[in-house]
Amino acid sequence: MMKKVLLSLALGLFAANAMAAPVIIANPAASEALSDAEAKKLFLGKLKKLPNGTKPVVVEYNDGTDIRSEFHGVVTGKSDSQLQAYWSKLVFTGKANPPKTMGSSAAVLAEVSSNPAAVGYVDESEVTGSVVVIYTP
């Protein structure tokens with residue numbers, strides 16, 4: 001009986017995590033919400049200032065991570081290969097530098113919570129009290 005209860009709980013947690021989606025987070029000092037257009041522009045290097053006037057420091061996950069693929073598919077409409085080509089072109093032409101990349105949600109949370117200008121994204125289930133959600137796709 002106990003094994004069935006534990007299995008049910010484990011499957012329930014897995015299902016809940018599988019349904020969560022990435023959300024854009026910011027330091028509480030820069031807590032103004034973003035529109036769909038602003039969110040897209042921010043992660044494509046086209047938004048030069050956040051709604052509160054701060055120059056954003058965009059934090060991104062490493063290439064090939066599931067959350068990065070899911071996020072960009074929904075927010076920017078770009079696949080991993082399209083995103084890579086997009087940033088390569090901007091860097092080559094000197095128009096922009098790609099966002100700072102991190103390897104884990106813990107690193108993204110740490111960067112955003114410690115830097116008032118930082119903006120990133122994490123799975124909705126990983127949001128902590130040290131950051132605020134400024135966009136939910």
# chains A, B, ... in the order shown; residues from 1 in each chain; ligands from 1
>>> residues_around(residues="segment 100-113 of chain A", least_positions_apart="5", cutoff="7 Å", atoms="only C-alpha atoms", output="ChimeraX atom specification")
/A:26-27,58-62,118-120,122,130-131
>>> write_last_selection(atoms="N, CA and C atoms", output="short mmCIF file (atom, residue, chain, number, x, y, z; two decimals), in the first residue's frame")
data_model
loop_
_atom_site.label_atom_id
_atom_site.label_comp_id
_atom_site.auth_asym_id
_atom_site.auth_seq_id
_atom_site.Cartn_x
_atom_site.Cartn_y
_atom_site.Cartn_z
N ALA A 26 12.86 38.66 -13.19
CA ALA A 26 13.74 39.82 -13.02
C ALA A 26 14.01 40.00 -11.54
N ASN A 27 14.99 40.82 -11.27
CA ASN A 27 15.29 41.23 -9.91
C ASN A 27 14.09 42.06 -9.43
N VAL A 58 20.68 40.37 -20.18
CA VAL A 58 19.90 39.17 -20.48
C VAL A 58 20.70 37.92 -20.14
N VAL A 59 20.06 37.02 -19.41
CA VAL A 59 20.68 35.76 -19.01
C VAL A 59 19.95 34.64 -19.74
N GLU A 60 20.71 33.80 -20.39
CA GLU A 60 20.18 32.75 -21.27
C GLU A 60 20.75 31.40 -20.84
N TYR A 61 20.07 30.33 -21.20
CA TYR A 61 20.62 28.98 -20.96
C TYR A 61 21.57 28.60 -22.08
N ASN A 62 22.43 27.64 -21.83
CA ASN A 62 23.36 27.15 -22.84
C ASN A 62 22.59 26.57 -24.03
N ALA A 118 19.55 42.33 -14.35
CA ALA A 118 19.48 41.01 -14.99
C ALA A 118 18.04 40.55 -15.20
N VAL A 119 17.83 39.91 -16.35
CA VAL A 119 16.54 39.33 -16.71
C VAL A 119 16.84 37.97 -17.32
N GLY A 120 16.09 36.97 -16.90
CA GLY A 120 16.29 35.62 -17.43
C GLY A 120 14.97 34.88 -17.43
N VAL A 122 13.16 30.93 -16.12
CA VAL A 122 13.25 29.63 -15.46
C VAL A 122 11.90 28.95 -15.61
N SER A 130 13.28 35.38 -4.33
CA SER A 130 14.37 36.33 -4.59
C SER A 130 14.24 37.00 -5.97
N VAL A 131 13.24 36.58 -6.76
CA VAL A 131 13.00 37.15 -8.09
C VAL A 131 11.50 37.39 -8.27
#
>>> select_by_dssp(residues="segment 8-127 of chain A", states="strand (DSSP E or B)", output="PyMOL selection string")
chain A and resi 22-26+57-61+100-102+118-123
>>> residues_around(residues="Glu70 of chain A", least_positions_apart="3", cutoff="10 Å", atoms="only C-alpha atoms", output="PyMOL selection string")
chain A and resi 21-22+65-67+73-75+77-80
>>> write_last_selection(atoms="N, CA and C atoms", output="CSV table (one decimal), in the first residue's frame")
chain,number,residue,atom,x,y,z
A,21,ALA,N,5.7,25.8,-17.3
A,21,ALA,CA,6.3,26.4,-18.5
A,21,ALA,C,7.3,27.5,-18.0
A,22,PRO,N,8.2,27.9,-18.9
A,22,PRO,CA,9.2,28.9,-18.6
A,22,PRO,C,8.5,30.3,-18.5
A,65,THR,N,19.7,23.2,-24.5
A,65,THR,CA,19.0,22.8,-23.3
A,65,THR,C,17.5,22.8,-23.7
A,66,ASP,N,16.7,21.9,-23.0
A,66,ASP,CA,15.3,21.8,-23.3
A,66,ASP,C,14.5,23.0,-23.0
A,67,ILE,N,14.8,23.7,-21.9
A,67,ILE,CA,14.1,24.9,-21.5
A,67,ILE,C,14.4,26.0,-22.5
A,73,GLY,N,10.8,28.7,-28.6
A,73,GLY,CA,9.7,28.3,-29.5
A,73,GLY,C,8.5,29.1,-29.2
A,74,VAL,N,8.2,29.4,-28.0
A,74,VAL,CA,7.0,30.1,-27.6
A,74,VAL,C,7.2,31.6,-27.6
A,75,VAL,N,8.3,32.2,-27.1
A,75,VAL,CA,8.5,33.6,-27.0
A,75,VAL,C,9.0,34.3,-28.3
A,77,GLY,N,9.7,32.5,-31.2
A,77,GLY,CA,9.3,31.8,-32.5
A,77,GLY,C,10.5,31.2,-33.2
A,78,LYS,N,11.6,31.1,-32.6
A,78,LYS,CA,12.8,30.6,-33.3
A,78,LYS,C,13.2,29.3,-32.7
A,79,SER,N,13.7,28.4,-33.6
A,79,SER,CA,14.2,27.1,-33.3
A,79,SER,C,15.7,27.3,-32.8
A,80,ASP,N,16.3,26.2,-32.3
A,80,ASP,CA,17.7,26.4,-31.8
A,80,ASP,C,18.6,26.8,-33.0
>>> closest_atom_pairs(of="segment 91-117 of chain A", to="segment 38-44 of chain A", cutoff="10 Å", atoms="only C-alpha atoms", output="tab-separated table")
residue	atom	partner	partner_atom	distance
A:Ala96	CA	A:Leu44	CA	9.5
A:Pro98	CA	A:Leu44	CA	8.5
A:Pro99	CA	A:Phe43	CA	7.9
>>> write_last_selection(atoms="N, CA and C atoms", output="compact mmCIF listing (two decimals), in the first residue's frame")
# COMPACT_ATOMS: atom_id res chain seq x y z
N ALA A 96 25.35 43.38 -32.23
CA ALA A 96 24.97 43.00 -30.87
C ALA A 96 25.85 41.88 -30.37
N PRO A 98 25.70 38.36 -27.95
CA PRO A 98 24.69 37.43 -27.45
C PRO A 98 24.56 37.53 -25.93
N PRO A 99 23.44 37.06 -25.40
CA PRO A 99 23.23 37.09 -23.95
C PRO A 99 24.25 36.22 -23.22
>>> residues_around(residues="Leu34 of chain A", least_positions_apart="4", cutoff="9 Å", atoms="only C-alpha atoms", output="compact mmCIF listing (two decimals) with C-alpha atoms, in the first residue's frame")
# COMPACT_ATOMS: atom_id res chain seq x y z
CA ILE A 24 10.65 35.53 -17.54
CA GLU A 38 8.92 43.45 -25.40
CA ALA A 39 9.66 39.88 -24.29
CA LEU A 50 13.35 47.69 -19.72
CA PRO A 51 10.03 49.49 -19.05
CA ILE A 134 7.59 39.83 -15.27
CA TYR A 135 6.24 37.76 -18.18
CA THR A 136 4.28 34.56 -18.56
>>> select_by_dssp(residues="segment 2-134 of chain A", states="helix (DSSP H, G or I)", output="PyMOL selection string")
chain A and resi 2-19+28-30+36-43+66-75+80-93+105-114+124-126
>>> closest_residue(among="A:Asn52, A:Ser125, A:Asn97, A:Thr76", to="Ala37 of chain A", atoms="only C-alpha atoms")
A:Thr76
>>> closest_residue(among="A:Ser88, A:Ser114, A:Thr128, A:Ser81", to="Ala29 of chain A", atoms="only C-alpha atoms")
A:Ser114
>>> closest_residue(among="A:Ala117, A:Gly64, A:Lys89, A:Gln84", to="Lys49 of chain A", atoms="only C-alpha atoms")
A:Ala117
